[in-house]
Amino acid sequence: MTVQKEFEVAGGEKLSVAVESLGGERFRVRVGETTHEVTARRTPDGQLAFRLDGEPHRATVGRSSGADHGTMVRVGGRTWTVKPWRGRGASASVGSGVLEAPMTGTVLAVHVSVGDQVTVGQTVAVVTAMKMEHKLQAEIDGVVVEVGAAVGDQVDQGAVVVRIEAPEGGAE
Amino acid sequence: MSEARQLKRVLVANRGEIAVRICRGLRECGVESVVVYSDVDRDAPHRHAGDVAVALGGETAAESYLRIDRILDAAAGTGCDGVHPGYGFLSENADFARAVEAAGLAFLGPRGDTMEQLGGKRMARRIAVEAGVPVVPGFDGDLDSDDDWLAKAREIGFPMMVKASAGGGGKGMRLVEREADFLDGLHAGKREAKAAFGDDRMLLERRVFPARHIEVQILGDHHGDVVALHERECSVQRRHQKVLEESPSPAVDPALRARMCESAVKLAKAVGYRNAGTVEFLLDPEGNYYFLEVNTRLQVEHPVTEEVTGLDLVHLQLRIAEGARLTELLPDGVPPPRGHAIEARIYAEVPEKGYLPAAGRLSRVIEPEGPGIRVDSGVCDGALVSVHYDPMLAKLIVHAPDRASACRRMAQALRDSVYLGIPTNVDFLRRVVEDERFLSGELRTDMLDLAPELATGDGAEPPSEAYVAAVLASMFEAEGVASVGGAAAGAAATGSVALWTRLGGFRLVGGVS
């Protein structure tokens, strides 16, 4: 049996990982262009014990409940989230003009209207949840083209609160 | 225990790890427990921790765990003779404490009147002054105009803490660094206080800086006696909320311990304090300490006191509520602290993004065990972490002969802790307990602000083994399903994943408490 998966890695690149069962606890694993012989087994409590390039690892794998549809892997005493490949340019770039609610909450303040000029770092809205206030700050200079929520609105995590467009010739 | 009555069945008016922990303590004393749960918590571990479970309905805290009427109905309907409020929710609600006692039930906590006296920071401060306990220079009166507030603030000096009188546990207080920010801070503080506590009276206090947060555990019986169970240090905080707590404090020597404990006992005796409570202090670099507030409840971090004293605070709360005298409960007095204990609070949150709270379903949970390791947990495989409640999942407590070995034990236990499905602070906690600044014992309340790299981490990309593990897991899962012989083992090993798949369409709706 062979299982192959594609992941999104740094810089939006694609990484292909394939595991081929060689019988027993032996597997052939291809990570990108390199191939490794791996021994692996599942422990009674559902963890993975495997040896990759001679290095022993113990890992636990679980689905992420976030919107990224990623897989969470605990290995080396650290948790990593690996994301499935969804095609080039699928992820938002840094310094986006789209300001989303960082968590489910209530909109406490909206300081801008469509057409307003904003600069990097300017607070454009405030969302409150868990009795804490979170400021949404512009990540780019530009013009507000959309205000997706009003004061008092309940917003879900990831809901677009304010959308800013960079002026002509800008990066976004 | 002449006037004592033996309690037979106690309702636990809380959720999560503390409800589970209280049920365990009650059971050890031969007392039955009744738990209550909201609609969101119908599958939560605490729902199964008691002998009887009563549905409260509702989703938000206000619709469920804050419903005094429904909780009293549940207690009456199940024949309870006592109520344990846990922490948070109704634990410091004087009306609740009084209503419980008016219904003829024992309240495992202080009297409602005591909560009112001490629950307001301003009155607590005045009581402390009366009792001869040192307080931070500040202002605890009322003012009408912004100008008057500003004038008073200038008098006290900046930086300054602006606190909601009704606040507590880090909620409703903020640091104002400069005069220019004062009125904004005051108004935001009032707004938050109004929303959170329905009371926007404020207290101004000069910032003690740098400071350590040291608190003293107290126990009072119903006969006027009060003892102190040493100190805990809770200086490692984020957003004014404790993250790591320990006992004893590396900054407190026996002489200082004796003085702080004496202050705490004096304050408690001044109000006839009953049951468990905590007197919080700030300690400055010169060894001066200042009264901060009293928490009139069992604290989140009570286990570190239990570890170093060998006492069980829930057992003691129960016996005190039954009328026992401290001299009977502790015939040899309070045991001196033995070894060193540290607690780490495991939160569903994203330290890398300003400690934003997280919610969702835990697909896999494995909690560490071993010598000197205790986990007070409120979650399990498949547990739902709701946006409606505090996102603390569990508390990891270690006990070792000395602080250095306790730090090592904690670091390894954190490495062995698995909470998958939603972001947690486990790796952040491990970075902190392995950091030289923590290991040195030179703690201060702003240490995490001074070390933002501990929150953000190194931003490393997942290593090859993470991708390999993800694909191997898929392979084993597919094999488990494909092979008849392996099907049972596969289902057992990936039970949580299967549960998640079944509940894949689950979605939270509604507001935030």
# chains A, B, ... in the order shown; residues from 1 in each chain; ligands from 1
$ closest_atom_pairs --of "chain B" --to "chain A" --cutoff "6 Å" --atoms "only C-alpha atoms" --output "JSON lines"
{"residue": "B:Gly360", "atom": "CA", "partner": "A:Ser65", "partner_atom": "CA", "distance": 5.7}
{"residue": "B:Arg361", "atom": "CA", "partner": "A:Ser65", "partner_atom": "CA", "distance": 5.9}
{"residue": "B:Ser363", "atom": "CA", "partner": "A:Gly62", "partner_atom": "CA", "distance": 5.4}
{"residue": "B:Arg364", "atom": "CA", "partner": "A:Gly62", "partner_atom": "CA", "distance": 5.8}
{"residue": "B:Arg415", "atom": "CA", "partner": "A:Gly77", "partner_atom": "CA", "distance": 4.1}
{"residue": "B:Leu420", "atom": "CA", "partner": "A:Gly62", "partner_atom": "CA", "distance": 5.6}
{"residue": "B:Gly421", "atom": "CA", "partner": "A:Ser64", "partner_atom": "CA", "distance": 4.0}
{"residue": "B:Ile422", "atom": "CA", "partner": "A:Ser64", "partner_atom": "CA", "distance": 5.9}
{"residue": "B:Pro462", "atom": "CA", "partner": "A:Trp80", "partner_atom": "CA", "distance": 5.9}
{"residue": "B:Ala466", "atom": "CA", "partner": "A:Val73", "partner_atom": "CA", "distance": 5.9}
{"residue": "B:Met475", "atom": "CA", "partner": "A:Val3", "partner_atom": "CA", "distance": 5.9}
{"residue": "B:Ala493", "atom": "CA", "partner": "A:Gly46", "partner_atom": "CA", "distance": 4.4}
{"residue": "B:Val512", "atom": "CA", "partner": "A:Gly105", "partner_atom": "CA", "distance": 6.0}
$ residues_around --residues "His187 of chain B" --least-positions-apart "4" --cutoff "12 Å" --atoms "only C-alpha atoms" --output "number ranges by chain"
B: 145-146, 149-150, 162-164, 172-174, 176, 181-183, 191-194, 200-202
$ closest_residue --among "B:Val350, B:Val20, B:Leu11, B:Leu108" --to "Ala76 of chain B" --atoms "only C-alpha atoms"
B:Leu11
$ atom_distance --atom1 "atom CA of Gly121 of chain A" --atom2 "atom CA of Pro357 of chain B"
22.3 Å
$ atom_distance --atom1 "atom CA of Gly333 of chain B" --atom2 "atom CA of Ser235 of chain B"
28.1 Å
$ residues_around --residues "Val279 of chain B" --least-positions-apart "2" --cutoff "7 Å" --atoms "only C-alpha atoms" --output "PyMOL selection string"
chain B and resi 215-217+264+277+281+293-295
$ write_last_selection --atoms "N, CA, C and O atoms" --output "compact mmCIF listing (two decimals), in the first residue's frame"
# COMPACT_ATOMS: atom_id res chain seq x y z
N GLU B 215 1.28 35.32 47.16
CA GLU B 215 -0.01 35.22 47.82
C GLU B 215 0.05 34.18 48.92
O GLU B 215 0.84 33.24 48.86
N VAL B 216 -0.79 34.38 49.92
CA VAL B 216 -0.81 33.49 51.07
C VAL B 216 -2.14 32.74 51.12
O VAL B 216 -3.21 33.37 51.06
N GLN B 217 -2.07 31.44 51.22
CA GLN B 217 -3.28 30.62 51.35
C GLN B 217 -3.74 30.67 52.81
O GLN B 217 -2.93 30.43 53.71
N ALA B 264 -1.58 38.17 56.58
CA ALA B 264 -2.75 37.54 55.97
C ALA B 264 -3.73 37.09 57.04
O ALA B 264 -4.95 37.26 56.91
N GLY B 277 -9.31 30.82 51.46
CA GLY B 277 -9.16 32.10 50.77
C GLY B 277 -7.70 32.37 50.50
O GLY B 277 -6.83 31.63 50.96
N PHE B 281 -0.41 39.64 47.60
CA PHE B 281 0.49 40.75 47.86
C PHE B 281 1.40 40.98 46.65
O PHE B 281 1.64 40.07 45.85
N GLU B 293 -5.25 42.12 47.08
CA GLU B 293 -6.66 41.79 47.18
C GLU B 293 -6.80 40.44 47.85
O GLU B 293 -5.82 39.70 48.02
N VAL B 294 -8.05 40.12 48.24
CA VAL B 294 -8.34 38.80 48.79
C VAL B 294 -9.23 38.07 47.79
O VAL B 294 -10.21 38.64 47.30
N ASN B 295 -8.86 36.85 47.47
CA ASN B 295 -9.72 36.01 46.64
C ASN B 295 -10.49 35.09 47.56
O ASN B 295 -9.89 34.24 48.23
$ closest_residue --among "A:Gly97, A:Val151, A:Leu108, A:Ser113" --to "Arg163 of chain A" --atoms "only C-alpha atoms"
A:Gly97
$ closest_residue --among "B:Pro368, B:Pro463, B:Gly272, B:Gly378" --to "Thr114 of chain B" --atoms "only C-alpha atoms"
B:Gly272
$ residues_around --residues "segment 86-90 of chain B" --least-positions-apart "2" --cutoff "6 Å" --atoms "only C-alpha atoms" --output "list in words"
Asn14, Leu66, His84, Glu92 and Asn93 of chain B
$ write_last_selection --atoms "N, CA and C atoms" --output "PDB file, in the first residue's frame"
ATOM      1  N   ASN B  14     -19.895  24.214  39.204  1.00  0.00           N
ATOM      2  CA  ASN B  14     -18.799  24.625  38.339  1.00  0.00           C
ATOM      3  C   ASN B  14     -18.634  23.628  37.209  1.00  0.00           C
ATOM      4  N   LEU B  66     -24.177  30.497  35.762  1.00  0.00           N
ATOM      5  CA  LEU B  66     -24.441  31.685  36.581  1.00  0.00           C
ATOM      6  C   LEU B  66     -25.916  31.760  37.000  1.00  0.00           C
ATOM      7  N   HIS B  84     -20.464  23.443  46.719  1.00  0.00           N
ATOM      8  CA  HIS B  84     -19.094  23.929  46.507  1.00  0.00           C
ATOM      9  C   HIS B  84     -19.098  24.768  45.233  1.00  0.00           C
ATOM     10  N   GLU B  92     -17.613  33.894  43.949  1.00  0.00           N
ATOM     11  CA  GLU B  92     -17.445  35.072  44.783  1.00  0.00           C
ATOM     12  C   GLU B  92     -18.690  35.956  44.731  1.00  0.00           C
ATOM     13  N   ASN B  93     -19.823  35.325  44.472  1.00  0.00           N
ATOM     14  CA  ASN B  93     -21.096  36.024  44.396  1.00  0.00           C
ATOM     15  C   ASN B  93     -21.771  35.936  45.766  1.00  0.00           C
TER      16      ASN B  93
END
$ residues_around --residues "Met160 of chain B" --least-positions-apart "5" --cutoff "10 Å" --atoms "only C-alpha atoms" --output "list in words"
Gly138, Ala153, Arg154, Arg174, Leu175, Val176, Glu177, Arg178, Glu179, Phe182, Leu204, Glu205, Arg206, Arg207, Val208 and Phe209 of chain B
$ write_last_selection --atoms "C-alpha atoms" --output "mmCIF file, in the first residue's frame"
data_model
loop_
_atom_site.group_PDB
_atom_site.id
_atom_site.type_symbol
_atom_site.label_atom_id
_atom_site.label_comp_id
_atom_site.auth_asym_id
_atom_site.auth_seq_id
_atom_site.Cartn_x
_atom_site.Cartn_y
_atom_site.Cartn_z
ATOM 1 C CA GLY B 138 -3.246 54.996 45.769
ATOM 2 C CA ALA B 153 -3.712 60.490 39.063
ATOM 3 C CA ARG B 154 -0.934 63.113 38.895
ATOM 4 C CA ARG B 174 -4.811 47.923 33.244
ATOM 5 C CA LEU B 175 -1.476 49.613 33.346
ATOM 6 C CA VAL B 176 -1.361 53.271 32.401
ATOM 7 C CA GLU B 177 2.190 54.268 31.586
ATOM 8 C CA ARG B 178 1.776 57.966 30.916
ATOM 9 C CA GLU B 179 -0.484 60.795 31.915
ATOM 10 C CA PHE B 182 -4.761 58.021 31.669
ATOM 11 C CA LEU B 204 -5.994 53.831 41.354
ATOM 12 C CA GLU B 205 -2.739 52.403 42.664
ATOM 13 C CA ARG B 206 0.848 53.354 42.019
ATOM 14 C CA ARG B 207 2.614 50.657 40.091
ATOM 15 C CA VAL B 208 4.946 48.650 42.308
ATOM 16 C CA PHE B 209 7.714 47.950 39.858
#
$ closest_residue --among "B:Ala102, B:Val432, B:Cys380, B:Ala470" --to "Gly457 of chain B" --atoms "only C-alpha atoms"
B:Val432
$ residues_around --residues "His111 of chain A" --least-positions-apart "4" --cutoff "10 Å" --atoms "only C-alpha atoms" --output "number ranges by chain"
A: 116, 122-126, 151
